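The file my_file.cif contains mmCIF, C-alpha atoms:
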```
data_structure
loop_
_atom_site.label_atom_id
_atom_site.label_comp_id
_atom_site.auth_asym_id
_atom_site.auth_seq_id
_atom_site.Cartn_x
_atom_site.Cartn_y
_atom_site.Cartn_z
CA MET A 1 99.35 157.21 124.01
CA ASP A 2 99.99 155.97 127.56
CA GLU A 3 101.71 152.82 126.31
CA TYR A 4 104.32 154.85 124.38
CA ASN A 5 104.57 157.68 126.94
CA LEU A 6 103.09 160.26 124.55
CA ILE A 7 101.30 163.48 125.40
CA ASP A 8 99.09 165.94 123.49
CA ILE A 9 100.61 169.39 123.92
CA THR A 10 98.06 171.34 121.91
CA ASP A 11 97.40 174.40 124.07
CA GLY A 12 94.87 176.26 121.95
CA GLU A 13 97.39 179.01 121.12
CA GLU A 14 97.32 180.10 117.50
CA THR A 15 100.11 178.95 115.24
CA HIS A 16 99.05 181.10 112.30
CA SER A 17 97.40 184.44 111.77
CA ASN A 18 96.67 186.13 108.48
CA THR A 19 95.24 189.52 107.62
CA ARG A 20 93.40 189.74 104.34
CA ASN A 21 91.09 192.59 103.28
CA GLY A 22 91.34 194.04 106.78
CA GLU A 23 90.14 190.86 108.47
CA THR A 24 92.45 188.79 110.65
CA SER A 25 92.03 185.03 110.65
CA ARG A 26 93.73 182.80 113.17
CA SER A 27 94.25 179.04 113.13
CA LEU A 28 96.06 176.45 115.16
CA ILE A 29 97.31 172.91 114.93
CA ASP A 30 94.43 170.65 115.98
CA PHE A 31 96.46 167.89 117.53
CA PHE A 32 100.16 167.76 118.39
CA ILE A 33 101.59 164.61 119.98
CA THR A 34 105.12 164.15 121.30
CA LYS A 35 107.01 162.08 123.83
CA ALA A 36 106.20 163.33 127.30
CA SER A 37 109.92 163.76 128.03
CA MET A 38 110.18 166.32 125.18
CA ALA A 39 107.10 168.40 126.01
CA ASP A 40 109.05 170.98 128.00
CA ARG A 41 111.56 171.47 125.15
CA LEU A 42 109.09 172.55 122.46
CA GLU A 43 108.34 176.10 121.41
CA THR A 44 106.51 177.75 118.55
CA SER A 45 108.73 179.94 116.40
CA THR A 46 107.29 182.72 114.26
CA ASP A 47 110.75 184.06 113.37
CA LEU A 48 111.79 181.21 111.06
CA ALA A 49 110.93 181.42 107.37
CA THR A 50 108.77 178.62 106.05
CA THR A 51 106.62 177.84 103.02
CA SER A 52 103.88 176.62 105.35
CA ASP A 53 101.16 178.96 106.53
CA HIS A 54 101.77 177.82 110.13
CA ALA A 55 104.57 178.59 112.53
CA ILE A 56 107.26 175.98 113.09
CA VAL A 57 107.25 173.93 116.26
CA CYS A 58 110.88 173.61 117.39
CA ALA A 59 112.38 171.11 119.78
CA GLN A 60 115.75 171.03 121.46
CA LEU A 61 117.03 167.45 121.34
CA ARG A 62 119.49 166.20 123.88
CA TRP A 63 120.94 162.91 122.65
CA ASP A 64 123.08 162.48 125.75
CA GLU A 65 119.90 161.64 127.66
CA GLY A 66 119.52 158.49 125.59
CA GLU A 67 116.62 159.59 123.41
CA GLY A 68 117.13 158.05 120.00
CA ALA A 69 120.59 156.72 120.81
CA GLN A 70 119.48 153.10 120.59
CA VAL A 71 117.96 153.48 117.11
CA SER A 72 121.15 153.32 115.05
CA ARG A 73 122.71 150.46 117.01
CA LYS A 74 119.81 148.04 116.96
CA ILE A 75 120.01 144.96 114.75
CA THR A 76 116.66 144.95 112.99
CA GLY A 77 116.96 142.22 110.41
CA TRP A 78 119.01 139.65 108.56
CA ASP A 79 120.32 139.44 105.00
CA ILE A 80 118.37 136.32 104.06
CA ASP A 81 118.63 137.06 100.32
CA GLY A 82 122.42 137.21 100.70
CA LEU A 83 122.32 133.77 102.32
CA LYS A 84 120.31 132.48 99.34
CA SER A 85 122.91 133.71 96.81
CA LYS A 86 124.97 131.29 94.68
CA GLU A 87 128.08 131.93 96.79
CA GLU A 88 126.26 130.99 100.00
CA GLU A 89 124.23 128.06 98.60
CA GLU A 90 125.87 125.43 100.81
CA LYS A 91 125.50 127.58 103.92
CA TYR A 92 121.83 128.17 103.05
CA LYS A 93 121.12 124.45 102.63
CA LYS A 94 122.82 123.71 105.95
CA ALA A 95 120.88 126.47 107.75
CA LYS A 96 117.59 125.28 106.24
CA LYS A 97 118.25 121.67 107.29
CA GLU A 98 119.23 122.71 110.83
CA TRP A 99 115.98 124.65 111.26
CA GLU A 100 113.88 121.84 109.78
CA ASP A 101 115.52 119.32 112.14
CA LYS A 102 115.00 121.52 115.18
CA SER A 103 111.43 122.58 114.42
CA SER A 104 110.20 119.17 113.24
CA LYS A 105 110.46 117.87 116.81
CA ARG A 106 107.93 120.45 118.03
CA PRO A 107 104.28 119.48 118.50
CA VAL A 108 101.83 120.59 115.83
CA LEU A 109 99.13 122.83 117.26
CA ASN A 110 95.54 122.71 116.06
CA GLU A 111 92.09 123.78 117.22
CA LYS A 112 92.10 121.05 119.89
CA SER A 113 95.29 122.37 121.53
CA SER A 114 94.87 124.11 124.87
CA GLY A 115 94.88 127.92 124.89
CA ASP A 116 98.09 128.22 126.90
CA LYS A 117 100.13 126.24 124.33
CA LEU A 118 99.87 128.83 121.56
CA PRO A 119 101.68 131.69 123.39
CA ARG A 120 104.38 129.28 124.59
CA GLU A 121 104.89 127.90 121.08
CA ALA A 122 104.98 131.39 119.54
CA GLU A 123 107.59 132.47 122.11
CA TRP A 124 109.67 129.32 121.40
CA ILE A 125 109.55 129.94 117.64
CA GLN A 126 110.51 133.59 117.99
CA ARG A 127 113.38 132.97 120.42
CA ASN A 128 114.82 130.00 118.53
CA PHE A 129 114.36 131.43 115.05
CA VAL A 130 116.06 134.70 116.04
CA ASN A 131 118.97 132.71 117.50
CA HIS A 132 119.09 130.58 114.35
CA LEU A 133 119.14 133.65 112.07
CA ASN A 134 121.81 135.29 114.24
CA ARG A 135 124.04 132.24 113.70
CA CYS A 136 123.34 131.74 110.00
CA CYS A 137 122.78 135.16 108.44
CA LYS A 138 124.53 138.47 108.24
CA LYS A 139 122.80 140.93 110.59
CA VAL A 140 121.59 144.21 109.11
CA LYS A 141 120.68 147.52 110.66
CA VAL A 142 117.65 148.98 108.95
CA CYS A 143 117.35 152.75 109.13
CA ALA A 144 115.10 155.39 107.60
CA ARG A 145 117.20 155.40 104.41
CA SER A 146 117.10 151.62 103.93
CA LYS A 147 115.20 150.30 100.95
CA ARG A 148 114.45 146.71 101.84
CA TRP A 149 112.01 146.51 98.93
CA TRP A 150 114.79 147.33 96.39
CA THR A 151 115.56 144.17 94.46
CA ALA A 152 118.03 143.13 91.77
CA GLU A 153 115.14 143.18 89.27
CA ILE A 154 114.36 146.81 90.11
CA ALA A 155 118.05 147.74 89.81
CA GLU A 156 118.28 146.04 86.40
CA ASN A 157 115.09 147.74 85.16
CA ARG A 158 116.42 151.12 86.35
CA LYS A 159 119.65 150.54 84.36
CA ILE A 160 117.62 149.72 81.24
CA LEU A 161 115.41 152.78 81.73
CA GLY A 162 118.48 155.00 82.17
CA SER A 163 120.11 153.68 79.00
CA ILE A 164 116.90 154.21 77.02
CA LYS A 165 116.57 157.79 78.33
CA ARG A 166 120.17 158.54 77.35
CA ALA A 167 119.57 157.03 73.89
CA ARG A 168 116.45 159.20 73.46
CA LYS A 169 118.44 162.34 74.35
CA ARG A 170 121.00 161.42 71.68
CA GLY A 171 118.16 160.83 69.20
CA GLU A 172 118.96 157.10 68.91
CA ALA A 173 115.63 155.84 70.27
CA SER A 174 111.98 156.74 69.91
CA GLN A 175 109.26 157.08 72.55
CA GLN A 176 108.15 153.50 71.80
#
```

Show this structure as structure tokens.
Amino acid sequence: MDEYNLIDITDGEETHSNTRNGETSRSLIDFFITKASMADRLETSTDLATTSDHAIVCAQLRWDEGEGAQVSRKITGWDIDGLKSKEEEEKYKKAKKEWEDKSSKRPVLNEKSSGDKLPREAEWIQRNFVNHLNRCCKKVKVCARSKRWWTAEIAENRKILGSIKRARKRGEASQQ
């Protein structure tokens, strides 16, 4: 929690009370963690309608203070599959050869290598591979709505499934 500047703001105050058969029961959220910078902006609201049996914890966000602003602008990946497409085949071969040439000159580490070589080599690989990808691949911004696992095979299977469902509705196909 310290590393990410988080704080537990659970104060022991009930977030839910219920009266049933004349008896009142009270409960609270056991553990509530937030960024320390937001702790003073949270409040429990009992006025808002919800399907939950607990009150809603509300926060007032101020984007002008920089919280969350960097999320949408950060390059978080590369379109490597796009580089491997038929249209980019030559570019892919060139990029692959460039990396092989550059990395083949590096020493091979094994169990006999000294302990300080591994962190240096890992840092070299990360720095140089990121630079290499930045030069060779289209940069992508991955967000909460991104589906990096979605492939052409999944898209094709979804099209087939959709056409079969439509055919079944028209009575042109059976369950099998």

*Mind giving me the straight-line distance from atom CA of A:Ala173 to atom CA of A:Lys159 in Å, one decimal?*
15.6 Å

*May I ask which of the residues A:Asn128, A:Ser114, A:Thr24, A:Thr76 is the closest one to A:Lys102, counting all atoms listed in the file?*
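Result for the nearest residue to A:Lys102: A:Asn128.
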
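Distance check against A:Val140 using all atoms listed in the file: of A:Asp81, A:Asp116, A:Glu87, A:Glu153, the minimum falls on A:Asp81.
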
*atom CA of A:Gly82 and atom CA of A:Lys141, how far apart in Å?*
14.4 Å

*Which distance in Å separates atom CA of A:Lys93 and atom CA of A:Ala122, to one decimal?*
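So the two atoms, atom CA of A:Lys93 and atom CA of A:Ala122, lie 24.4 Å apart.
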